Structures are given as structure tokens and as C-alpha cells.
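Taking it in order: structure first as C-alpha cells, then the write-up.
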Amino acid sequence: MPLKVIPFNPKLIDFVAKVEGISLGEPLAVKSVEAIFNALDRFAVLVFPNQVLTDEQHIRFSRYFGDLELATGDYMKQDDRRLQMELNDISNLDRKGGKIEAADVKRLFSLGNMLWHSDSSFKAIPAQYSILSAKIIPTTEGDTEFADMRAAWKALDEKTQQKCLGQVTLHSQLYSRGELGFTEFREDQQEAMVPVRQALVRSHPRTKKISLYLSAHAGMIEGWTIPEARIFLKRLSEHATQREFVYRHKWRVNDLVIWDNQATMHRAMGFDNKQVRDMRRTTIAGNISSLKDMPS
């Protein structure tokens, strides 16, 4: 069965597609990898149903798309990790597979994933692609929403576009977690969370399409007062996450979803912590700093 890319979102024909006719657990031909890249360029979010993968197969597949980030953006120390460093542990499980309590500091930190964000925008070289595999999902809730930042940019009025162009934002997890009132950081964590500079508007490194680059991690705009910057960023995020720009994915076991962080924002939705949710994500580092991709 040949690889098939099927538009999946009735609201935006070029945002989100389902991919069938491929087994990601097997080594892929160059032609198949190119087809996935091309589909990502168009749709930004790809859903691969029924992909039963070991962690090693997940990692091997991810390496087709670039260098993997190590999972350094969470709250866990190395000795607390359940998974290897190439995998972000998107779960409510501890190292031994037991369920983390609702008040556990690691879980409270992870609630920041429920804010609209772009993965690793708090790193000097932010993420390009994220690849998330669903192992165990709650019986209800626990969806993920994606917003098309290309469509959001196109829908802005010209005056606001001009106001955005050339602006540099500062991103840190101190901002996103601070929005939730979370301040329990070790000294080494605070040292690692020095704000980094990102372009507010960027040109995609492959397609050259222009999009907004927003995230809950963005807390300042260079040269602006903090209140003015945060009001403006909040208004942009409200615009970019209108229903017409958003797709909500209802997970099924063994779904694998790839998204392009340079063209989207996303957020996790809430679920009952009494149920187990085990999801595992690899993250592909971008090749160049977003400041080099600022459109003129």
C-alpha cells in the first residue's frame, strides 16, 4: 500500500493531515522520508494512526528529521527519569511506573504544557519538529490542540503585521511557569533558564512561509515596557488561537503525531490524574537561530 496523505481538517485544507500506508517501525526509503517532509511543509501537523513502536524505533524514525534534543526542559533530575534522555516523558508516571500524585512538584511543573506554546522556544536554537507517541491514554479528555501560526499571520491586519516585524521577544520557562504561580526552581534550574532571544515573526527555513512565533515562554519584547509587551503578546495569542485556526486531536492508543514548531503552537488539554496517561516525545532541534530567519 503506497503512502497516502489525506487532509484531515475541514476548516483549513492546508493544516493537519492523516498519513496512511507506512510502517514507522521499519527503516524508511529516502522517497518516503521526502514525502513526509513535503507533507509537513504543507500541513505542519501529521497524524500517523496505528504505529506500534518501541522507544528505539521511535528514536530511529525521529533521526530522519534531524538532530535530537535531549530532554532537558522538564523538572526531573537524571536519577528520577523513567525514560532515556532522547525521550521527553509526557506522562503522570514516576520512574517505577507508579502514578505521580496530583500535588507532586514534577506534575505541577508539567501543567505548563496546558498553555499555548512552541516546544523549546526557551532554547537559543528552538525545536523544529516534535514527534509524540501515545502509549496509554485516559478514557476521556487528554486531547491536544494545535494552532496554525501561518494562517494567523495572514489574518492579521497590515498595521499589526508592521508592528510585529523586526521585534525580538525573550523566552524562558520562568515566564510560562510564573504565569501559573510556579516558582519552585532549584538554583541550577534558574541558571539554565536565562531568557533567550527569538524573532516574533519568522520565515520558515524550508518553505520560506511567514508565521508568527508565539509561546507562553515569551515574556518580554526588547525595547518595550513589560506591561505593554505582555498585553501585545496576549492579544496576538488570542488572535492566533481563535477556533478557525485550531485543530483538536483526540488521541487513540498508538497514534503518532508530528508537528512543525516553526509553523504552529500547541497545548495539552486537562485530564483526570487518577487515570494513566503515558506519552513519549522526541524533539528535533532547529538548524539555525530564529533571528536569522526574520523576514524583512
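Residue names in the C-alpha cells use chain letters A, B, ... in the order shown, residue numbers from 1 in each chain, and ligand numbers from 1 in the order shown.
Residues surrounding Met193 of chain A within 8 Å are Phe122, Ser172, Gln173, Leu174, Gln189 and Gln190 of chain A [only C-alpha atoms; sequence separation below 3 positions excluded].
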### Task
Just the alpha helix (DSSP H) stuff from segment 28-186 of chain A, please, per backbone DSSP, written as a PyMOL selection string.
chain A and resi 30-43+55-62+105-110+149-155+158-164+173-179
### Nearby residues (only C-alpha atoms) at most 12 Å from Arg81 of chain A, same-chain spacing under 5 positions excluded, as number ranges by chain
A: 71-72, 74-76, 86-91, 93-97, 106
Using the selection just defined, write its residues with C-alpha atoms as a PDB file, in the first residue's frame.
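Final output, saved to result_9.pdb:
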```
ATOM      1  CA  ALA A  71      15.112  16.032  27.409  1.00  0.00           C
ATOM      2  CA  THR A  72      16.492  18.905  29.468  1.00  0.00           C
ATOM      3  CA  ASP A  74      11.484  19.283  32.251  1.00  0.00           C
ATOM      4  CA  TYR A  75      11.736  19.332  36.028  1.00  0.00           C
ATOM      5  CA  MET A  76      13.322  15.939  36.570  1.00  0.00           C
ATOM      6  CA  GLU A  86      16.245  11.234  23.935  1.00  0.00           C
ATOM      7  CA  LEU A  87      12.603  10.923  25.047  1.00  0.00           C
ATOM      8  CA  ASN A  88      10.536  13.540  26.840  1.00  0.00           C
ATOM      9  CA  ASP A  89       8.322  11.780  29.370  1.00  0.00           C
ATOM     10  CA  ILE A  90       4.852  13.240  28.776  1.00  0.00           C
ATOM     11  CA  SER A  91       3.137  11.194  31.449  1.00  0.00           C
ATOM     12  CA  LEU A  93       4.133   8.227  35.952  1.00  0.00           C
ATOM     13  CA  ASP A  94       7.201   8.058  38.171  1.00  0.00           C
ATOM     14  CA  ARG A  95      10.428   6.186  37.498  1.00  0.00           C
ATOM     15  CA  LYS A  96       8.984   2.887  38.747  1.00  0.00           C
ATOM     16  CA  GLY A  97       5.802   3.234  36.687  1.00  0.00           C
ATOM     17  CA  LYS A 106       7.020  17.468  38.772  1.00  0.00           C
TER      18      LYS A 106
END
```
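Proximity to segment 8-22 of chain A at 7 Å, evaluated using only C-alpha atoms and with sequence-adjacent residues fewer than 6 positions away removed, yields A:Met1, A:Pro2, A:Arg42, A:Phe43, A:Ala44, A:Val45, A:Leu46, A:Val47, A:Phe48, A:Asp148, A:Glu244, A:Tyr247.
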### Query
So what do you get for atom CA of Gln84 of chain A versus atom CA of Met269 of chain A, distance-wise?
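Result for atom CA of Gln84 of chain A versus atom CA of Met269 of chain A: 25.1 Å, one decimal.
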